[in-house]
Amino acid sequence: MEVKAIAKNIRMSPKKVRLVVDQIKNRKPQDAVKVLDFVNKKPAAAIKKAIMSAIANAKNNYSLDEGSLVFKQISVNKGLTFKRYRPVSRGRVHHILKRASHLTVVLKGEEKKKVSEVSDVSKVSKETNESVNQSILENESVKKVKEEKNGTKN
(Lines give C-alpha, C1' and ligand atoms only; values in the text may rest on other atoms or scores of the structure.)
Protein backbone atom coordinates (compact mmCIF):
# COMPACT_ATOMS: atom_id res chain seq x y z
CA MET A 1 0.00 0.00 0.00
CA GLU A 2 1.28 3.45 -0.90
CA VAL A 3 0.86 6.57 1.22
CA LYS A 4 1.53 10.08 0.00
CA ALA A 5 2.21 13.43 1.69
CA ILE A 6 2.85 16.64 -0.23
CA ALA A 7 4.33 19.90 1.07
CA LYS A 8 3.79 22.72 -1.38
CA ASN A 9 5.47 26.10 -1.68
CA ILE A 10 8.30 25.55 0.75
CA ARG A 11 10.10 28.89 0.62
CA MET A 12 13.52 27.47 -0.24
CA SER A 13 15.07 26.77 -3.57
CA PRO A 14 14.74 23.19 -4.86
CA LYS A 15 18.50 22.92 -5.19
CA LYS A 16 18.99 23.52 -1.45
CA VAL A 17 16.16 21.15 -0.48
CA ARG A 18 17.59 18.37 -2.68
CA LEU A 19 20.89 18.54 -0.79
CA VAL A 20 19.11 17.45 2.40
CA VAL A 21 16.80 14.95 0.68
CA ASP A 22 19.79 13.16 -0.84
CA GLN A 23 21.16 12.52 2.66
CA ILE A 24 18.06 10.64 3.83
CA LYS A 25 16.41 9.01 0.83
CA ASN A 26 18.09 5.59 1.30
CA ARG A 27 17.08 5.27 4.96
CA LYS A 28 13.91 4.13 6.68
CA PRO A 29 11.49 6.99 7.42
CA GLN A 30 11.87 6.65 11.22
CA ASP A 31 15.66 6.80 10.87
CA ALA A 32 15.41 9.74 8.47
CA VAL A 33 13.40 11.73 11.03
CA LYS A 34 16.07 11.10 13.66
CA VAL A 35 18.85 12.16 11.27
CA LEU A 36 16.99 15.34 10.28
CA ASP A 37 17.06 16.50 13.91
CA PHE A 38 20.83 16.90 13.58
CA VAL A 39 21.11 18.23 10.02
CA ASN A 40 22.14 21.87 10.21
CA LYS A 41 20.22 23.10 7.15
CA LYS A 42 17.04 25.15 6.95
CA PRO A 43 15.09 22.67 4.73
CA ALA A 44 15.50 19.89 7.32
CA ALA A 45 12.52 21.10 9.37
CA ALA A 46 10.15 21.19 6.38
CA ILE A 47 11.29 17.77 5.16
CA LYS A 48 10.88 16.28 8.64
CA LYS A 49 7.36 17.68 8.86
CA ALA A 50 6.39 16.13 5.50
CA ILE A 51 7.83 12.73 6.44
CA MET A 52 6.06 12.77 9.82
CA SER A 53 2.81 13.59 8.01
CA ALA A 54 3.28 10.64 5.64
CA ILE A 55 3.97 8.30 8.58
CA ALA A 56 0.87 9.56 10.40
CA ASN A 57 -1.23 9.08 7.24
CA ALA A 58 0.01 5.50 6.95
CA LYS A 59 -0.77 4.65 10.57
CA ASN A 60 -4.12 6.39 10.94
CA ASN A 61 -5.71 6.24 7.49
CA TYR A 62 -4.43 2.91 6.19
CA SER A 63 -3.52 0.96 9.38
CA LEU A 64 -0.02 0.24 8.12
CA ASP A 65 2.74 -1.05 10.37
CA GLU A 66 5.18 1.77 11.13
CA GLY A 67 8.17 -0.57 11.15
CA SER A 68 7.52 -1.83 7.62
CA LEU A 69 7.42 1.61 5.98
CA VAL A 70 10.08 2.50 3.39
CA PHE A 71 10.51 5.38 0.96
CA LYS A 72 9.16 4.54 -2.46
CA GLN A 73 9.75 8.05 -3.74
CA ILE A 74 10.84 11.36 -2.28
CA SER A 75 11.09 14.14 -4.81
CA VAL A 76 11.62 17.88 -4.88
CA ASN A 77 10.09 19.90 -7.70
CA LYS A 78 10.10 23.56 -8.64
CA GLY A 79 7.31 25.64 -7.11
CA LEU A 80 6.29 29.26 -7.51
CA THR A 81 8.95 31.90 -8.14
CA PHE A 82 8.48 35.41 -6.77
CA LYS A 83 10.10 37.96 -9.05
CA ARG A 84 11.62 40.97 -7.38
CA TYR A 85 14.18 43.50 -8.50
CA ARG A 86 16.93 45.64 -7.07
CA PRO A 87 17.96 48.95 -8.52
CA VAL A 88 21.62 49.29 -9.42
CA SER A 89 23.79 51.93 -11.00
CA ARG A 90 23.02 53.78 -14.23
CA GLY A 91 19.27 53.26 -13.90
CA ARG A 92 19.38 49.53 -14.35
CA VAL A 93 17.84 46.71 -12.28
CA HIS A 94 19.00 43.28 -11.25
CA HIS A 95 16.34 40.61 -11.00
CA ILE A 96 15.92 38.65 -7.78
CA LEU A 97 14.19 35.29 -8.09
CA LYS A 98 12.75 34.01 -4.81
CA ARG A 99 12.24 30.35 -5.50
CA ALA A 100 9.96 27.84 -3.78
CA SER A 101 9.77 24.03 -3.80
CA HIS A 102 7.18 21.27 -3.79
CA LEU A 103 8.14 18.18 -1.76
CA THR A 104 6.43 14.84 -2.42
CA VAL A 105 6.95 11.91 -0.04
CA VAL A 106 5.59 8.48 -1.03
CA LEU A 107 5.89 5.60 1.44
CA LYS A 108 5.02 1.97 0.95
CA GLY A 109 4.39 -0.57 3.65
CA GLU A 110 2.49 -3.64 4.78
CA GLU A 111 -0.77 -3.71 6.70
CA LYS A 112 -0.77 -4.65 10.36
CA LYS A 113 -1.78 -8.21 11.15
CA LYS A 114 -5.21 -7.98 12.71
CA VAL A 115 -5.89 -10.13 15.74
CA SER A 116 -9.42 -11.46 15.77
CA GLU A 117 -10.45 -10.00 19.09
CA VAL A 118 -14.08 -10.99 18.64
CA SER A 119 -13.30 -14.67 18.34
CA ASP A 120 -11.00 -14.51 21.39
CA VAL A 121 -13.66 -12.78 23.46
CA SER A 122 -16.31 -15.28 22.42
CA LYS A 123 -14.00 -18.17 23.37
CA VAL A 124 -13.37 -16.65 26.78
CA SER A 125 -17.06 -15.94 27.35
CA LYS A 126 -18.00 -19.50 26.37
CA GLU A 127 -15.40 -20.91 28.75
CA THR A 128 -16.57 -18.72 31.64
CA ASN A 129 -20.22 -19.57 30.95
CA GLU A 130 -19.40 -23.27 31.02
CA SER A 131 -17.40 -22.96 34.23
CA VAL A 132 -20.16 -20.92 35.90
CA ASN A 133 -22.80 -23.43 34.82
CA GLN A 134 -20.65 -26.29 36.10
CA SER A 135 -20.16 -24.61 39.49
CA ILE A 136 -23.92 -23.98 39.79
CA LEU A 137 -24.66 -27.62 39.07
CA GLU A 138 -22.08 -28.74 41.62
CA ASN A 139 -23.54 -26.40 44.27
CA GLU A 140 -27.08 -27.72 43.65
CA SER A 141 -25.93 -31.33 43.87
CA VAL A 142 -24.08 -30.59 47.12
CA LYS A 143 -27.24 -28.97 48.57
CA LYS A 144 -29.35 -32.00 47.62
CA VAL A 145 -26.89 -34.39 49.27
CA LYS A 146 -26.86 -32.30 52.48
CA GLU A 147 -30.66 -32.13 52.53
CA GLU A 148 -30.95 -35.90 52.11
CA LYS A 149 -28.53 -36.46 54.99
CA ASN A 150 -30.34 -34.04 57.29
CA GLY A 151 -33.78 -35.15 56.10
CA THR A 152 -35.01 -31.58 55.87
CA LYS A 153 -36.09 -29.44 52.93
CA ASN A 154 -36.25 -25.67 52.72
# chains A, B, ... in the order shown; residues from 1 in each chain; ligands from 1
>>> residues_around(residues="Ala54 (chain A)", least_positions_apart="2", cutoff="12 Å", atoms="only C-alpha atoms", output="PDB file with N, CA and C atoms, in the first residue's frame")
ATOM      1  N   GLU A   2       0.510   2.223  -0.787  1.00  0.00           N
ATOM      2  CA  GLU A   2       1.276   3.454  -0.898  1.00  0.00           C
ATOM      3  C   GLU A   2       0.572   4.589  -0.168  1.00  0.00           C
ATOM      4  N   VAL A   3       1.367   5.413   0.480  1.00  0.00           N
ATOM      5  CA  VAL A   3       0.859   6.566   1.217  1.00  0.00           C
ATOM      6  C   VAL A   3       1.622   7.789   0.754  1.00  0.00           C
ATOM      7  N   LYS A   4       0.906   8.894   0.563  1.00  0.00           N
ATOM      8  CA  LYS A   4       1.530  10.085   0.003  1.00  0.00           C
ATOM      9  C   LYS A   4       1.310  11.283   0.927  1.00  0.00           C
ATOM     10  N   ALA A   5       2.323  12.141   1.010  1.00  0.00           N
ATOM     11  CA  ALA A   5       2.213  13.426   1.686  1.00  0.00           C
ATOM     12  C   ALA A   5       2.931  14.458   0.820  1.00  0.00           C
ATOM     13  N   ILE A   6       2.294  15.608   0.638  1.00  0.00           N
ATOM     14  CA  ILE A   6       2.850  16.642  -0.226  1.00  0.00           C
ATOM     15  C   ILE A   6       2.964  17.941   0.570  1.00  0.00           C
ATOM     16  N   ALA A   7       4.125  18.582   0.487  1.00  0.00           N
ATOM     17  CA  ALA A   7       4.327  19.902   1.074  1.00  0.00           C
ATOM     18  C   ALA A   7       4.580  20.855  -0.076  1.00  0.00           C
ATOM     19  N   PRO A  29      12.050   5.694   7.017  1.00  0.00           N
ATOM     20  CA  PRO A  29      11.485   6.991   7.418  1.00  0.00           C
ATOM     21  C   PRO A  29      11.720   7.346   8.887  1.00  0.00           C
ATOM     22  N   GLN A  30      11.640   6.358   9.798  1.00  0.00           N
ATOM     23  CA  GLN A  30      11.872   6.654  11.217  1.00  0.00           C
ATOM     24  C   GLN A  30      13.321   7.078  11.448  1.00  0.00           C
ATOM     25  N   VAL A  33      13.875  10.687  10.111  1.00  0.00           N
ATOM     26  CA  VAL A  33      13.397  11.733  11.028  1.00  0.00           C
ATOM     27  C   VAL A  33      14.429  11.996  12.119  1.00  0.00           C
ATOM     28  N   ILE A  47      11.240  19.157   5.626  1.00  0.00           N
ATOM     29  CA  ILE A  47      11.287  17.766   5.163  1.00  0.00           C
ATOM     30  C   ILE A  47      10.826  16.839   6.285  1.00  0.00           C
ATOM     31  N   LYS A  48      11.283  17.102   7.494  1.00  0.00           N
ATOM     32  CA  LYS A  48      10.876  16.283   8.643  1.00  0.00           C
ATOM     33  C   LYS A  48       9.365  16.338   8.827  1.00  0.00           C
ATOM     34  N   LYS A  49       8.793  17.509   8.703  1.00  0.00           N
ATOM     35  CA  LYS A  49       7.360  17.682   8.864  1.00  0.00           C
ATOM     36  C   LYS A  49       6.583  16.875   7.816  1.00  0.00           C
ATOM     37  N   ALA A  50       7.053  16.875   6.570  1.00  0.00           N
ATOM     38  CA  ALA A  50       6.391  16.131   5.499  1.00  0.00           C
ATOM     39  C   ALA A  50       6.494  14.624   5.730  1.00  0.00           C
ATOM     40  N   ILE A  51       7.647  14.157   6.183  1.00  0.00           N
ATOM     41  CA  ILE A  51       7.830  12.728   6.440  1.00  0.00           C
ATOM     42  C   ILE A  51       6.955  12.287   7.609  1.00  0.00           C
ATOM     43  N   MET A  52       6.913  13.102   8.672  1.00  0.00           N
ATOM     44  CA  MET A  52       6.060  12.773   9.818  1.00  0.00           C
ATOM     45  C   MET A  52       4.585  12.714   9.405  1.00  0.00           C
ATOM     46  N   ALA A  56       2.158   9.464   9.710  1.00  0.00           N
ATOM     47  CA  ALA A  56       0.872   9.558  10.397  1.00  0.00           C
ATOM     48  C   ALA A  56      -0.269   9.129   9.484  1.00  0.00           C
ATOM     49  N   ASN A  57      -0.206   9.508   8.202  1.00  0.00           N
ATOM     50  CA  ASN A  57      -1.227   9.077   7.243  1.00  0.00           C
ATOM     51  C   ASN A  57      -1.247   7.558   7.127  1.00  0.00           C
ATOM     52  N   ALA A  58      -0.079   6.953   7.090  1.00  0.00           N
ATOM     53  CA  ALA A  58       0.005   5.497   6.953  1.00  0.00           C
ATOM     54  C   ALA A  58      -0.596   4.797   8.158  1.00  0.00           C
ATOM     55  N   LYS A  59      -0.281   5.293   9.349  1.00  0.00           N
ATOM     56  CA  LYS A  59      -0.775   4.648  10.568  1.00  0.00           C
ATOM     57  C   LYS A  59      -2.267   4.847  10.752  1.00  0.00           C
ATOM     58  N   ASN A  60      -2.737   6.073  10.603  1.00  0.00           N
ATOM     59  CA  ASN A  60      -4.123   6.389  10.939  1.00  0.00           C
ATOM     60  C   ASN A  60      -5.114   6.097   9.821  1.00  0.00           C
ATOM     61  N   ASN A  61      -4.754   6.391   8.591  1.00  0.00           N
ATOM     62  CA  ASN A  61      -5.706   6.240   7.492  1.00  0.00           C
ATOM     63  C   ASN A  61      -5.700   4.847   6.874  1.00  0.00           C
ATOM     64  N   TYR A  62      -4.545   4.185   6.893  1.00  0.00           N
ATOM     65  CA  TYR A  62      -4.432   2.910   6.194  1.00  0.00           C
ATOM     66  C   TYR A  62      -4.045   1.749   7.107  1.00  0.00           C
ATOM     67  N   LEU A  64      -1.265   0.889   8.514  1.00  0.00           N
ATOM     68  CA  LEU A  64      -0.019   0.236   8.119  1.00  0.00           C
ATOM     69  C   LEU A  64       0.918   0.161   9.316  1.00  0.00           C
ATOM     70  N   GLU A  66       4.174   0.715  11.220  1.00  0.00           N
ATOM     71  CA  GLU A  66       5.183   1.772  11.127  1.00  0.00           C
ATOM     72  C   GLU A  66       6.570   1.215  10.847  1.00  0.00           C
ATOM     73  N   LEU A  69       7.442   0.520   6.952  1.00  0.00           N
ATOM     74  CA  LEU A  69       7.421   1.612   5.977  1.00  0.00           C
ATOM     75  C   LEU A  69       8.809   1.874   5.400  1.00  0.00           C
ATOM     76  N   VAL A  70       8.846   2.111   4.094  1.00  0.00           N
ATOM     77  CA  VAL A  70      10.078   2.502   3.395  1.00  0.00           C
ATOM     78  C   VAL A  70       9.725   3.589   2.380  1.00  0.00           C
ATOM     79  N   PHE A  71      10.732   4.358   1.975  1.00  0.00           N
ATOM     80  CA  PHE A  71      10.507   5.377   0.958  1.00  0.00           C
ATOM     81  C   PHE A  71      10.370   4.708  -0.400  1.00  0.00           C
ATOM     82  N   LYS A  72       9.273   4.958  -1.076  1.00  0.00           N
ATOM     83  CA  LYS A  72       9.156   4.535  -2.463  1.00  0.00           C
ATOM     84  C   LYS A  72       9.673   5.662  -3.357  1.00  0.00           C
ATOM     85  N   GLN A  73       9.310   6.899  -2.971  1.00  0.00           N
ATOM     86  CA  GLN A  73       9.754   8.055  -3.736  1.00  0.00           C
ATOM     87  C   GLN A  73       9.782   9.262  -2.808  1.00  0.00           C
ATOM     88  N   ILE A  74      10.797  10.061  -2.949  1.00  0.00           N
ATOM     89  CA  ILE A  74      10.844  11.357  -2.281  1.00  0.00           C
ATOM     90  C   ILE A  74      11.457  12.310  -3.285  1.00  0.00           C
ATOM     91  N   LEU A 103       7.530  19.427  -2.245  1.00  0.00           N
ATOM     92  CA  LEU A 103       8.135  18.180  -1.763  1.00  0.00           C
ATOM     93  C   LEU A 103       7.071  17.096  -1.747  1.00  0.00           C
ATOM     94  N   THR A 104       7.353  15.972  -2.385  1.00  0.00           N
ATOM     95  CA  THR A 104       6.429  14.839  -2.416  1.00  0.00           C
ATOM     96  C   THR A 104       7.103  13.640  -1.758  1.00  0.00           C
ATOM     97  N   VAL A 105       6.432  13.080  -0.745  1.00  0.00           N
ATOM     98  CA  VAL A 105       6.946  11.907  -0.037  1.00  0.00           C
ATOM     99  C   VAL A 105       5.951  10.770  -0.253  1.00  0.00           C
ATOM    100  N   VAL A 106       6.426   9.659  -0.821  1.00  0.00           N
ATOM    101  CA  VAL A 106       5.588   8.481  -1.030  1.00  0.00           C
ATOM    102  C   VAL A 106       6.218   7.326  -0.256  1.00  0.00           C
ATOM    103  N   LEU A 107       5.437   6.742   0.644  1.00  0.00           N
ATOM    104  CA  LEU A 107       5.892   5.602   1.439  1.00  0.00           C
ATOM    105  C   LEU A 107       5.125   4.367   1.020  1.00  0.00           C
ATOM    106  N   LYS A 108       5.761   3.215   1.148  1.00  0.00           N
ATOM    107  CA  LYS A 108       5.022   1.970   0.952  1.00  0.00           C
ATOM    108  C   LYS A 108       5.274   1.089   2.164  1.00  0.00           C
ATOM    109  N   GLY A 109       4.277   0.277   2.481  1.00  0.00           N
ATOM    110  CA  GLY A 109       4.389  -0.573   3.653  1.00  0.00           C
ATOM    111  C   GLY A 109       3.340  -1.665   3.644  1.00  0.00           C
TER     112      GLY A 109
END
>>> select_by_dssp(residues="region 20-125 of chain A", states="strand (DSSP E or B)", output="ChimeraX atom specification")
/A:64,70-87,93-108,111
>>> residues_around(residues="Arg84 (chain A)", least_positions_apart="4", cutoff="7 Å", atoms="only C-alpha atoms", output="PyMOL selection string")
chain A and resi 95-97
>>> write_last_selection(atoms="N, CA and C atoms", output="PDB file, in the first residue's frame")
ATOM      1  N   HIS A  95      17.488  41.427 -11.405  1.00  0.00           N
ATOM      2  CA  HIS A  95      16.344  40.613 -10.997  1.00  0.00           C
ATOM      3  C   HIS A  95      16.714  39.715  -9.824  1.00  0.00           C
ATOM      4  N   ILE A  96      15.769  39.578  -8.912  1.00  0.00           N
ATOM      5  CA  ILE A  96      15.924  38.651  -7.784  1.00  0.00           C
ATOM      6  C   ILE A  96      14.806  37.631  -7.903  1.00  0.00           C
ATOM      7  N   LEU A  97      15.172  36.370  -7.990  1.00  0.00           N
ATOM      8  CA  LEU A  97      14.186  35.286  -8.086  1.00  0.00           C
ATOM      9  C   LEU A  97      14.104  34.566  -6.746  1.00  0.00           C
TER      10      LEU A  97
END
>>> closest_residue(among="A:Asp31, A:Lys15, A:Lys25, A:Glu147", to="Pro43 (chain A)", atoms="only C-alpha atoms")
A:Lys15
>>> closest_residue(among="A:Lys149, A:Arg99, A:Ser53, A:Val20", to="Asp37 (chain A)", atoms="only C-alpha atoms")
A:Val20
